[in-house]
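Engineer: Enclosed is the structure file coords-v2.cif (mmCIF, C-alpha atoms and all ligand atoms).
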data_my_file
loop_
_atom_site.label_atom_id
_atom_site.label_comp_id
_atom_site.auth_asym_id
_atom_site.auth_seq_id
_atom_site.Cartn_x
_atom_site.Cartn_y
_atom_site.Cartn_z
CA MET X 1250 154.19 92.59 216.76
CA LEU X 1251 150.92 93.92 215.42
CA ILE X 1252 151.66 97.63 215.64
CA GLY X 1253 152.24 99.19 212.27
CA LYS X 1254 151.15 96.12 210.41
CA SER X 1255 147.55 95.62 211.38
CA PRO X 1256 144.93 97.81 212.98
CA LYS X 1257 144.59 97.35 216.70
CA ILE X 1258 141.75 94.99 217.45
CA PRO X 1259 139.85 95.61 220.67
CA THR X 1260 140.04 92.44 222.72
CA SER X 1261 136.28 92.60 223.14
CA GLU X 1262 136.00 91.83 219.44
CA ILE X 1263 138.32 88.88 219.36
CA THR X 1264 136.79 85.51 219.82
CA SER X 1265 139.25 83.34 221.70
CA GLU X 1266 141.34 81.08 219.57
CA THR X 1267 140.27 78.01 221.49
CA THR X 1268 136.78 78.64 220.18
CA TYR X 1269 138.09 78.26 216.66
CA LEU X 1270 140.02 75.14 217.54
CA ASN X 1271 136.73 73.48 218.33
CA ARG X 1272 136.24 71.93 214.92
CA ARG X 1273 132.60 71.09 215.33
CA LYS X 1274 131.53 74.55 216.27
CA PHE X 1275 128.36 75.56 214.49
CA ILE X 1276 127.50 79.09 213.49
CA GLY X 1277 124.47 79.04 215.81
CA GLN X 1278 126.86 78.99 218.74
CA SER X 1279 129.22 81.56 217.31
CA ALA X 1280 126.31 83.88 216.61
CA ALA X 1281 125.64 83.96 220.33
CA LEU X 1282 129.29 84.76 220.88
CA ILE X 1283 129.12 87.61 218.40
CA ALA X 1284 126.00 89.00 220.02
CA GLY X 1285 127.75 88.85 223.39
CA SER X 1286 130.74 90.78 222.10
CA GLY X 1287 128.59 93.52 220.61
CA LEU X 1288 129.60 93.02 216.99
CA LEU X 1289 127.55 94.39 214.14
CA SER X 1290 124.72 92.18 213.00
CA SER X 1291 126.15 92.47 209.49
CA ALA X 1292 128.78 90.03 210.69
CA GLN X 1293 126.16 87.33 210.41
CA ALA X 1294 124.55 88.30 207.13
CA GLY X 1295 124.22 85.46 204.69
CA LEU X 1296 125.23 82.67 207.05
CA GLN X 1297 123.04 79.59 206.84
CA PRO X 1298 121.91 77.59 209.88
CA ASP X 1299 124.14 74.62 208.95
CA ASP X 1300 127.25 76.69 208.19
CA GLU X 1301 130.19 76.02 210.46
CA ILE X 1302 133.57 77.70 210.54
CA THR X 1303 136.13 75.90 208.39
CA PRO X 1304 139.14 74.57 210.34
CA GLU X 1305 142.01 77.08 210.41
CA ASP X 1306 144.55 74.67 208.93
CA ILE X 1307 142.41 74.38 205.80
CA VAL X 1308 141.90 78.14 205.49
CA THR X 1309 145.66 78.74 205.76
CA GLN X 1310 147.03 75.69 203.91
CA PHE X 1311 144.64 75.18 201.00
CA ASN X 1312 145.03 78.35 198.96
CA ASN X 1313 144.96 79.97 195.57
CA PHE X 1314 147.77 82.51 195.18
CA TYR X 1315 149.34 81.84 191.79
CA GLU X 1316 152.25 84.19 192.49
CA PHE X 1317 153.56 81.33 194.65
CA GLY X 1318 152.60 78.41 192.40
CA THR X 1319 149.45 76.77 191.15
CA ASP X 1320 149.16 73.86 193.61
CA LYS X 1321 146.86 74.45 196.58
CA SER X 1322 149.80 73.79 198.93
CA ASP X 1323 152.27 76.12 197.16
CA PRO X 1324 151.20 79.39 198.86
CA PHE X 1325 151.61 77.92 202.36
CA GLU X 1326 155.00 76.49 201.38
CA ASN X 1327 156.38 79.54 199.55
CA ALA X 1328 154.67 82.71 200.77
CA HIS X 1329 156.84 83.12 203.87
CA ALA X 1330 159.50 84.57 201.51
CA MET X 1331 157.35 87.65 200.82
CA THR X 1332 158.38 90.71 202.84
CA THR X 1333 155.37 92.79 203.87
CA ASP X 1334 157.11 95.47 205.93
CA PRO X 1335 157.51 98.18 204.72
CA TRP X 1336 154.39 98.08 202.51
CA THR X 1337 153.63 100.97 200.17
CA VAL X 1338 150.35 101.45 198.34
CA ASN X 1339 150.07 103.64 195.26
CA VAL X 1340 146.75 105.45 194.87
CA SER X 1341 146.02 106.98 191.46
CA GLY X 1342 143.38 108.03 188.98
CA GLU X 1343 140.10 109.84 189.58
CA ALA X 1344 140.61 111.00 193.16
CA LYS X 1345 141.67 114.18 194.93
CA LYS X 1346 144.29 112.48 197.10
CA THR X 1347 146.72 110.36 195.15
CA GLY X 1348 150.32 109.22 195.55
CA ASP X 1349 152.31 106.69 197.54
CA PHE X 1350 151.06 105.90 201.03
CA ALA X 1351 152.43 103.71 203.79
CA PHE X 1352 149.97 100.91 204.54
CA GLU X 1353 149.95 101.89 208.24
CA ASP X 1354 148.96 105.45 207.38
CA ILE X 1355 146.02 104.35 205.25
CA ILE X 1356 144.49 102.26 208.01
CA LYS X 1357 145.49 104.54 210.90
CA GLY X 1358 142.73 104.89 213.47
CA MET X 1359 140.56 102.26 211.81
CA THR X 1360 139.40 99.14 213.60
CA ALA X 1361 139.22 95.70 212.07
CA GLU X 1362 135.86 94.04 212.68
CA GLU X 1363 135.32 90.31 212.67
CA ARG X 1364 133.20 89.23 209.69
CA ILE X 1365 132.33 85.58 209.33
CA TYR X 1366 131.65 85.10 205.62
CA ARG X 1367 130.83 82.22 203.33
CA PHE X 1368 133.59 82.01 200.73
CA ARG X 1369 133.02 80.37 197.33
CA CYS X 1370 135.72 79.68 194.75
CA VAL X 1371 134.72 79.48 191.08
CA GLU X 1372 136.27 75.98 191.17
CA ALA X 1373 133.23 74.96 193.29
CA TRP X 1374 134.81 74.45 196.71
CA SER X 1375 133.70 76.63 199.58
CA MET X 1376 134.59 77.57 203.15
CA VAL X 1377 133.30 79.68 206.03
CA VAL X 1378 136.00 82.06 207.23
CA PRO X 1379 136.23 84.41 210.24
CA TRP X 1380 137.95 87.36 208.58
CA MET X 1381 139.07 90.52 210.35
CA GLY X 1382 138.54 93.53 208.12
CA ILE X 1383 137.82 97.20 207.58
CA PRO X 1384 134.85 98.37 205.49
CA LEU X 1385 136.23 99.09 202.02
CA LYS X 1386 134.17 102.27 201.81
CA LYS X 1387 135.96 103.70 204.82
CA ILE X 1388 139.32 103.03 203.24
CA LEU X 1389 138.46 104.37 199.77
CA GLU X 1390 136.59 107.51 200.88
CA GLN X 1391 139.70 109.06 202.43
CA PHE X 1392 141.17 109.47 198.93
CA GLU X 1393 138.12 111.50 197.85
CA PRO X 1394 137.29 109.83 194.54
CA THR X 1395 135.83 112.28 191.99
CA GLY X 1396 132.55 111.97 190.12
CA ASN X 1397 134.45 110.30 187.28
CA ALA X 1398 135.39 107.34 189.47
CA LYS X 1399 132.95 104.66 188.31
CA TYR X 1400 135.20 101.69 189.15
CA VAL X 1401 138.12 100.91 191.41
CA GLU X 1402 140.98 98.70 190.29
CA PHE X 1403 143.37 96.80 192.59
CA LYS X 1404 146.75 95.24 191.83
CA THR X 1405 148.91 92.74 193.67
CA LEU X 1406 152.61 93.12 194.40
CA VAL X 1407 155.05 92.14 191.64
CA ARG X 1408 158.28 90.79 193.09
CA PRO X 1409 159.51 87.74 191.18
CA ASP X 1410 162.48 87.16 193.50
CA GLU X 1411 160.04 86.52 196.34
CA MET X 1412 157.21 85.10 194.24
CA PRO X 1413 158.36 82.03 192.31
CA GLY X 1414 155.12 81.81 190.32
CA GLN X 1415 155.81 85.18 188.70
CA SER X 1416 158.99 83.98 187.04
CA SER X 1417 157.64 80.54 186.18
CA PHE X 1418 157.95 79.60 182.54
CA PHE X 1419 154.55 77.93 182.81
CA SER X 1420 152.68 80.98 183.98
CA SER X 1421 150.43 82.59 181.40
CA ILE X 1422 149.29 85.35 183.75
CA ASP X 1423 150.26 88.88 182.78
CA TRP X 1424 151.36 90.13 186.23
CA PRO X 1425 150.35 91.99 188.32
CA TYR X 1426 147.19 90.11 189.29
CA THR X 1427 144.45 92.69 188.72
CA GLU X 1428 140.86 92.96 189.90
CA GLY X 1429 138.18 95.59 190.09
CA LEU X 1430 134.77 96.54 191.40
CA ARG X 1431 132.10 99.01 190.42
CA MET X 1432 132.15 101.87 192.98
CA ASP X 1433 128.70 100.97 194.32
CA GLU X 1434 129.88 97.38 194.85
CA ALA X 1435 132.99 98.66 196.61
CA TYR X 1436 130.85 100.88 198.86
CA ASN X 1437 128.43 98.08 199.80
CA PRO X 1438 128.70 97.42 203.55
CA LEU X 1439 129.66 93.77 202.93
CA SER X 1440 132.85 94.75 201.05
CA ILE X 1441 135.89 94.74 203.29
CA MET X 1442 139.66 94.91 203.18
CA VAL X 1443 140.87 91.95 205.18
CA THR X 1444 143.80 92.42 207.56
CA GLY X 1445 143.44 89.27 209.64
CA LEU X 1446 141.72 85.95 210.14
CA PHE X 1447 140.87 83.82 213.18
CA GLY X 1448 141.56 86.92 215.31
CA LYS X 1449 145.19 87.04 214.17
CA GLU X 1450 147.33 88.91 211.67
CA LEU X 1451 146.69 87.85 208.06
CA PRO X 1452 149.14 85.10 207.00
CA ASN X 1453 151.15 85.79 203.83
CA GLN X 1454 149.50 82.95 201.92
CA ASN X 1455 146.07 84.55 202.52
CA GLY X 1456 147.20 87.90 201.10
CA ALA X 1457 149.15 89.86 203.74
CA PRO X 1458 149.14 92.62 204.69
CA TRP X 1459 145.69 93.17 203.18
CA ARG X 1460 143.37 91.64 200.63
CA LEU X 1461 139.91 92.29 199.30
CA MET X 1462 136.83 90.30 200.40
CA VAL X 1463 133.49 90.51 198.57
CA PRO X 1464 131.56 87.47 199.82
CA TRP X 1465 128.84 87.41 197.14
CA LYS X 1466 131.40 87.01 194.35
CA TYR X 1467 133.64 84.13 193.32
CA GLY X 1468 136.94 84.01 195.20
CA PHE X 1469 139.09 85.24 192.31
CA LYS X 1470 137.70 88.76 192.85
CA SER X 1471 139.36 88.89 196.28
CA VAL X 1472 142.77 90.12 195.13
CA LYS X 1473 145.60 89.59 197.61
CA SER X 1474 148.60 91.60 198.83
CA ILE X 1475 147.39 94.86 197.26
CA VAL X 1476 149.93 97.58 196.34
CA SER X 1477 147.86 99.65 193.91
CA ILE X 1478 144.42 101.26 194.10
CA ARG X 1479 143.27 103.13 190.99
CA PHE X 1480 139.98 104.98 190.53
CA VAL X 1481 138.85 104.75 186.91
CA GLU X 1482 136.00 105.64 184.61
CA LYS X 1483 136.02 102.43 182.56
CA GLU X 1484 135.59 98.83 183.67
CA PRO X 1485 139.03 97.39 184.48
CA LEU X 1486 140.19 94.20 182.74
CA ASN X 1487 140.60 91.67 185.54
CA THR X 1488 143.22 88.93 185.34
CA TRP X 1489 140.93 85.93 184.88
CA GLN X 1490 138.84 87.64 182.25
CA GLN X 1491 142.02 88.57 180.43
CA LEU X 1492 143.16 84.93 180.56
CA GLN X 1493 139.90 83.34 179.44
CA ALA X 1494 137.02 85.74 178.75
CA SER X 1495 134.65 82.94 177.73
CA GLU X 1496 134.93 81.42 181.22
CA TYR X 1497 135.47 84.36 183.59
CA GLY X 1498 133.83 87.77 183.54
CA PHE X 1499 134.12 91.03 185.42
CA TYR X 1500 131.13 90.61 187.76
CA ALA X 1501 131.72 87.00 188.93
CA ASN X 1502 128.64 87.02 191.15
CA VAL X 1503 128.03 83.57 192.61
CA ASN X 1504 125.14 82.20 190.58
CA PRO X 1505 123.83 78.60 190.56
CA ALA X 1506 122.00 79.30 187.29
CA VAL X 1507 125.10 80.21 185.28
CA SER X 1508 127.39 77.23 184.72
CA HIS X 1509 131.09 77.53 184.14
CA PRO X 1510 131.63 76.26 180.57
CA ARG X 1511 133.45 73.21 181.98
CA TRP X 1512 131.39 72.45 185.13
CA SER X 1513 128.09 73.19 186.80
CA GLN X 1514 127.86 75.85 189.49
CA ALA X 1515 124.56 74.46 190.85
CA SER X 1516 126.28 72.91 193.86
CA GLU X 1517 129.50 73.34 195.81
CA ARG X 1518 131.89 71.21 197.85
CA ARG X 1519 132.18 72.52 201.39
CA LEU X 1520 135.64 71.92 202.85
CA PRO X 1521 136.71 69.73 204.53
CA SER X 1522 135.51 67.09 202.10
CA THR X 1523 136.78 63.66 201.14
CA LEU X 1524 136.44 61.25 198.25
CA PHE X 1525 133.77 59.41 200.22
CA ASN X 1526 132.00 62.42 201.60
CA THR X 1527 132.13 65.22 199.07
CA ASN X 1528 130.03 67.36 201.41
CA ARG X 1529 128.09 68.92 198.56
CA ARG X 1530 125.40 71.53 199.07
CA PRO X 1531 123.40 73.70 196.73
CA THR X 1532 124.96 76.97 195.58
CA LEU X 1533 122.95 79.99 196.73
CA PRO X 1534 122.35 83.06 194.53
CA PHE X 1535 124.93 85.71 195.45
CA ASN X 1536 126.41 83.07 197.78
CA GLY X 1537 123.60 83.66 200.30
CA TYR X 1538 123.91 87.46 200.28
CA ALA X 1539 121.09 88.26 197.81
CA GLU X 1540 119.20 90.35 200.37
CA GLU X 1541 122.22 92.64 200.77
CA VAL X 1542 123.39 92.94 197.16
CA ALA X 1543 120.81 91.82 194.57
CA HIS X 1544 119.60 95.43 194.22
CA LEU X 1545 122.99 96.39 192.75
CA TYR X 1546 122.20 94.39 189.62
CA LYS X 1547 118.57 95.35 189.04
CA GLY X 1548 117.73 95.25 185.36
CA MET X 1549 121.01 93.54 184.40
CA ASP X 1550 121.05 90.23 182.52
CA LEU X 1551 123.28 88.22 184.86
CA LYS X 1552 123.78 85.52 182.19
CA LYS X 1553 125.40 88.16 180.03
CA PHE X 1554 127.20 90.03 182.81
CA PHE X 1555 128.59 86.88 184.46
N1 LIG Y 1601 147.11 88.03 193.84
C1 LIG Y 1601 146.27 87.00 193.82
N2 LIG Y 1601 145.09 87.09 194.46
C2 LIG Y 1601 144.23 86.03 194.45
C3 LIG Y 1601 144.55 84.84 193.74
C4 LIG Y 1601 145.82 84.78 193.08
O1 LIG Y 1601 146.20 83.77 192.45
N3 LIG Y 1601 146.65 85.87 193.14
N4 LIG Y 1601 143.65 83.81 193.71
C5 LIG Y 1601 142.23 84.14 193.93
C6 LIG Y 1601 141.39 82.97 194.08
S1 LIG Y 1601 141.05 82.10 192.67
C7 LIG Y 1601 140.83 82.60 195.27
S2 LIG Y 1601 139.73 81.34 195.39
C8 LIG Y 1601 141.20 83.31 196.52
C9 LIG Y 1601 141.72 82.32 197.54
O2 LIG Y 1601 141.87 82.94 198.79
P1 LIG Y 1601 142.44 82.09 200.02
O3 LIG Y 1601 143.65 81.35 199.53
O4 LIG Y 1601 142.75 83.07 201.09
O5 LIG Y 1601 141.36 81.13 200.40
O6 LIG Y 1601 142.21 84.31 196.32
C10 LIG Y 1601 142.06 85.06 195.14
N5 LIG Y 1601 143.04 86.14 195.13
MO MO Y 1602 139.17 80.79 193.15
#
Could you show the structure in this file as structure tokens?
Ligand SMILES: Nc1nc2c(c(=O)[nH]1)N[C@H]1C(S)=C(S)[C@@H](COP(=O)(O)O)O[C@H]1N2
Ligand SMILES: [Mo]
Structural biologist:
Amino acid sequence: MLIGKSPKIPTSEITSETTYLNRRKFIGQSAALIAGSGLLSSAQAGLQPDDEITPEDIVTQFNNFYEFGTDKSDPFENAHAMTTDPWTVNVSGEAKKTGDFAFEDIIKGMTAEERIYRFRCVEAWSMVVPWMGIPLKKILEQFEPTGNAKYVEFKTLVRPDEMPGQSSFFSSIDWPYTEGLRMDEAYNPLSIMVTGLFGKELPNQNGAPWRLMVPWKYGFKSVKSIVSIRFVEKEPLNTWQQLQASEYGFYANVNPAVSHPRWSQASERRLPSTLFNTNRRPTLPFNGYAEEVAHLYKGMDLKKFF
């Protein structure tokens, strides 16, 4: 039952599931489909001619969600234990409207749009995912952030009895998983809150009931299962920077010219890949979205602000 958990999606905007099951479907074809369904052209921004949608079983069974374990298969195996209804979100900080809100009330009257985005993990694998989402700006504006709100910080649920990774002796993460964006990044039209994928409700392992998606940044910015939104004046300390500041920064813009200290970022491995066909392709600046976002970083040394 979608009501109360996910915004209603007009059927005209849902591409039939059988389309997605066609594993060899190229973006060229899906672009025609999008045009036919009247979606925004921004849905296609950044896609390259040889991009094709990653098979659904990879998108939903090869995950990073350390709250459920560190193996790529752990989230799919363990995340069903997370209860996402009811879901309360605390809004705080530099905004006129703060407090506890029911997830359904925040997204009431908003429509999830399909956005097919390239998705690049800092570990150098990549996918192409048909997300369903709501522009982040639309969501944040309703809380009327004040002039002091320079950044927005997001936090994931903490519930160790449903999230085995949070009570693991081996975890060095200081929960909750925390991320943040500069307000102008958050208000960029590419930034969305994801509530679904492949035309369906968002699976737990992908960050139900909603997660962030900023396609020009490494995947760790896209914080899952969000329960806290805080408007702040100072740059938030995000989880991966807190863990290893020499390897992970705040900005995390996809950048072939800035290597991770332990591996190059010049190329990426597009899933599905095998030992014999690693399916490597060059990394694109801002993950292919330079035209839409490069202006946000004018005058900044992106080797320093990595
Ligand atoms: N709460 C939380 N959010 C998270 C993570 C996590 O471990 N915990 N992993 C991040 C990383 S490193 C990546 S690559 C993406 C993976 O998203 P996906 O599993 O939906 O592909 O989620 C990001 N969001
Ligand atoms: Mo990642």
Engineer: Neighbouring residues of stretch 1521-1531 of chain X were defined as those with any atom within 12 Å, considering all atoms listed in the file; residues of the same chain fewer than 3 positions away were excluded. Please report them as a PyMOL selection string.
Structural biologist: chain X and resi 1272-1273+1297+1299-1308+1310-1311+1369+1373-1377+1503-1506+1513-1518+1534+1536-1537
Engineer: List all protein, DNA and RNA residues that have at least one atom no more than 6 Å from any atom of ligand LIG 1601 (chain Y), counting all atoms listed in the file, and write them as a PyMOL selection string.
Structural biologist: chain X and resi 1308+1312-1316+1370+1405+1426+1455+1468-1469+1471-1473
Engineer: Just the selected residues (C-alpha atoms), exported as a CSV table (one decimal), keeping the file's coordinate frame, please.
Structural biologist:
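Below is the file that was written, part-v6.csv:
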chain,number,residue,atom,x,y,z
X,1308,VAL,CA,141.9,78.1,205.5
X,1312,ASN,CA,145.0,78.4,199.0
X,1313,ASN,CA,145.0,80.0,195.6
X,1314,PHE,CA,147.8,82.5,195.2
X,1315,TYR,CA,149.3,81.8,191.8
X,1316,GLU,CA,152.2,84.2,192.5
X,1370,CYS,CA,135.7,79.7,194.8
X,1405,THR,CA,148.9,92.7,193.7
X,1426,TYR,CA,147.2,90.1,189.3
X,1455,ASN,CA,146.1,84.6,202.5
X,1468,GLY,CA,136.9,84.0,195.2
X,1469,PHE,CA,139.1,85.2,192.3
X,1471,SER,CA,139.4,88.9,196.3
X,1472,VAL,CA,142.8,90.1,195.1
X,1473,LYS,CA,145.6,89.6,197.6
Engineer: If you measure from atom CA of X:Asn1327 to atom CA of X:Glu1450, what distance in Å do you get, rounded to one decimal?
Structural biologist: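 Distance reported for this atom pair: 17.8 Å.
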Engineer: Suppose you want the space between atom CA of X:Phe1325 and atom CA of X:Met1381; what is it in Å?
Structural biologist: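 Between atom CA of X:Phe1325 and atom CA of X:Met1381 the gap is 19.5 Å.
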Engineer: If you count only C-alpha atoms, which residues fall within 12 Å of stretch 1486-1493 of chain X, apart from same-chain ones fewer than 4 positions away, as a VMD selection string?
Structural biologist: chain X and resid 1315 1371 1400 to 1405 1420 to 1430 1467 to 1472 1481 1497 to 1501 1509 to 1510 1554 to 1555
Engineer: Out of X:Thr1332, X:Gly1358, X:Pro1438, X:Lys1321, which residue has the shortest atom-to-atom distance to ligand MO 1602 (chain Y) when counting all atoms listed in the file?
Structural biologist: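 Answer, going by the shortest atom-to-atom distance: X:Lys1321.
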Engineer: So, with only C-alpha atoms as the atoms that count, which of X:Leu1551, X:Ile1383, X:Ile1475, X:Ala1294 lies closest to X:Ile1441?
Structural biologist: X:Ile1383
Engineer: Quick one: residues within 9 Å of stretch 1411-1414 of chain X, all atoms listed in the file counted, chain neighbours fewer than 2 positions away excluded, as a PyMOL selection string?
Structural biologist: chain X and resi 1314-1319+1327-1332+1407-1409+1416-1420
Engineer: For X:Gly1448, which residue out of X:Tyr1538, X:Thr1309, X:Lys1386, X:Glu1362 is the nearest one, using only C-alpha atoms?
Structural biologist: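 Checking each candidate against X:Gly1448, we get X:Glu1362 as the closest.
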Engineer: Do you have the atom CA of X:Gln1391-atom CA of X:Asp1334 distance handy?
Structural biologist: 22.4 Å
Engineer: Please determine the residues with any atom at most 7 Å from (127.5, 83.4, 201.5) (coordinates as given in the file, with all atoms listed in the file counting) and report them as a ChimeraX atom specification.
Structural biologist: /X:1295-1296,1366-1368,1464-1465,1535-1538
Engineer: Need the shell around stretch 1544-1550 of chain X: protein/DNA/RNA residues with any atom at most 10 Å away, counting only C-alpha atoms. Skip same-chain ones fewer than 5 positions apart. Format as number ranges by chain?
Structural biologist: X: 1431, 1433-1434, 1437, 1500, 1502, 1539, 1555
Engineer: Find the residue from X:Pro1298, X:Glu1372, X:Arg1479, X:Asp1410 that sits nearest to ligand MO 1602 (chain Y); use only C-alpha atoms and all ligand atoms when measuring.
Structural biologist: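 Looking at the shortest contact to ligand MO 1602 (chain Y), the residue is X:Glu1372.
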Engineer: Using only C-alpha atoms, determine which residues lie at most 12 Å from X:Ser1341, disregarding the query and same-chain residues fewer than 6 positions distant; provide the list as a PyMOL selection string.
Structural biologist: chain X and resi 1347-1350+1389+1392-1395+1398+1401-1404+1476-1481
Engineer: Please define a box with edges along x, y and z of the file around all atoms of stretch 1496-1501 of chain X given in the file, extend it by 3 Å on each side, and return its centre and edge lengths in Å to one decimal, as JSON.
Structural biologist:
{"center_x": 133.3, "center_y": 86.2, "center_z": 185.1, "size_x": 10.3, "size_y": 15.6, "size_z": 13.7}
Engineer: Restricting the calculation to only C-alpha atoms: of X:Met1432, X:Met1442, X:Val1338, X:Ala1494, which residue gets closest to X:Thr1360?
Structural biologist: X:Met1442
Engineer: Using all atoms listed in the file, which of the listed residues (X:Lys1483, X:Lys1553, X:Lys1345, X:Lys1466) sits closest to ligand MO 1602 (chain Y)?
Structural biologist: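 Selected residue with least distance to ligand MO 1602 (chain Y): X:Lys1466.
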Engineer: Copy stretch 1534-1549 of chain X out of the block into a file, keeping N, CA and C atoms, as a PDB file, in the first residue's frame.
Structural biologist:
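This is the output file out.pdb:
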ATOM      1  N   PRO X1534      34.163  14.521 -14.991  1.00  0.00           N
ATOM      2  CA  PRO X1534      34.088  15.560 -13.951  1.00  0.00           C
ATOM      3  C   PRO X1534      32.630  15.754 -13.512  1.00  0.00           C
ATOM      4  N   PHE X1535      32.429  15.872 -12.218  1.00  0.00           N
ATOM      5  CA  PHE X1535      31.081  15.998 -11.646  1.00  0.00           C
ATOM      6  C   PHE X1535      30.167  14.876 -12.145  1.00  0.00           C
ATOM      7  N   ASN X1536      30.768  13.722 -12.430  1.00  0.00           N
ATOM      8  CA  ASN X1536      30.017  12.532 -12.838  1.00  0.00           C
ATOM      9  C   ASN X1536      29.156  12.763 -14.085  1.00  0.00           C
ATOM     10  N   GLY X1537      29.570  13.715 -14.929  1.00  0.00           N
ATOM     11  CA  GLY X1537      28.802  13.998 -16.146  1.00  0.00           C
ATOM     12  C   GLY X1537      27.848  15.169 -16.007  1.00  0.00           C
ATOM     13  N   TYR X1538      27.779  15.775 -14.830  1.00  0.00           N
ATOM     14  CA  TYR X1538      26.819  16.845 -14.566  1.00  0.00           C
ATOM     15  C   TYR X1538      27.476  18.216 -14.453  1.00  0.00           C
ATOM     16  N   ALA X1539      28.666  18.380 -15.056  1.00  0.00           N
ATOM     17  CA  ALA X1539      29.412  19.640 -14.932  1.00  0.00           C
ATOM     18  C   ALA X1539      28.578  20.834 -15.394  1.00  0.00           C
ATOM     19  N   GLU X1540      27.867  20.662 -16.503  1.00  0.00           N
ATOM     20  CA  GLU X1540      27.079  21.767 -17.051  1.00  0.00           C
ATOM     21  C   GLU X1540      26.074  22.301 -16.021  1.00  0.00           C
ATOM     22  N   GLU X1541      25.535  21.397 -15.224  1.00  0.00           N
ATOM     23  CA  GLU X1541      24.497  21.781 -14.252  1.00  0.00           C
ATOM     24  C   GLU X1541      25.069  22.309 -12.941  1.00  0.00           C
ATOM     25  N   VAL X1542      26.289  21.871 -12.563  1.00  0.00           N
ATOM     26  CA  VAL X1542      26.739  22.195 -11.199  1.00  0.00           C
ATOM     27  C   VAL X1542      28.119  22.845 -11.067  1.00  0.00           C
ATOM     28  N   ALA X1543      28.917  22.845 -12.144  1.00  0.00           N
ATOM     29  CA  ALA X1543      30.289  23.363 -12.001  1.00  0.00           C
ATOM     30  C   ALA X1543      30.301  24.799 -11.469  1.00  0.00           C
ATOM     31  N   HIS X1544      29.280  25.587 -11.834  1.00  0.00           N
ATOM     32  CA  HIS X1544      29.224  26.995 -11.405  1.00  0.00           C
ATOM     33  C   HIS X1544      29.166  27.145  -9.885  1.00  0.00           C
ATOM     34  N   LEU X1545      28.722  26.110  -9.201  1.00  0.00           N
ATOM     35  CA  LEU X1545      28.619  26.183  -7.728  1.00  0.00           C
ATOM     36  C   LEU X1545      29.994  26.276  -7.068  1.00  0.00           C
ATOM     37  N   TYR X1546      31.026  25.886  -7.813  1.00  0.00           N
ATOM     38  CA  TYR X1546      32.364  25.766  -7.214  1.00  0.00           C
ATOM     39  C   TYR X1546      33.371  26.702  -7.863  1.00  0.00           C
ATOM     40  N   LYS X1547      32.847  27.739  -8.540  1.00  0.00           N
ATOM     41  CA  LYS X1547      33.702  28.712  -9.205  1.00  0.00           C
ATOM     42  C   LYS X1547      34.682  29.333  -8.212  1.00  0.00           C
ATOM     43  N   GLY X1548      35.953  29.333  -8.581  1.00  0.00           N
ATOM     44  CA  GLY X1548      36.949  29.958  -7.727  1.00  0.00           C
ATOM     45  C   GLY X1548      37.429  29.070  -6.582  1.00  0.00           C
ATOM     46  N   MET X1549      36.881  27.882  -6.443  1.00  0.00           N
ATOM     47  CA  MET X1549      37.322  26.980  -5.371  1.00  0.00           C
ATOM     48  C   MET X1549      38.382  26.019  -5.889  1.00  0.00           C
TER      49      MET X1549
END
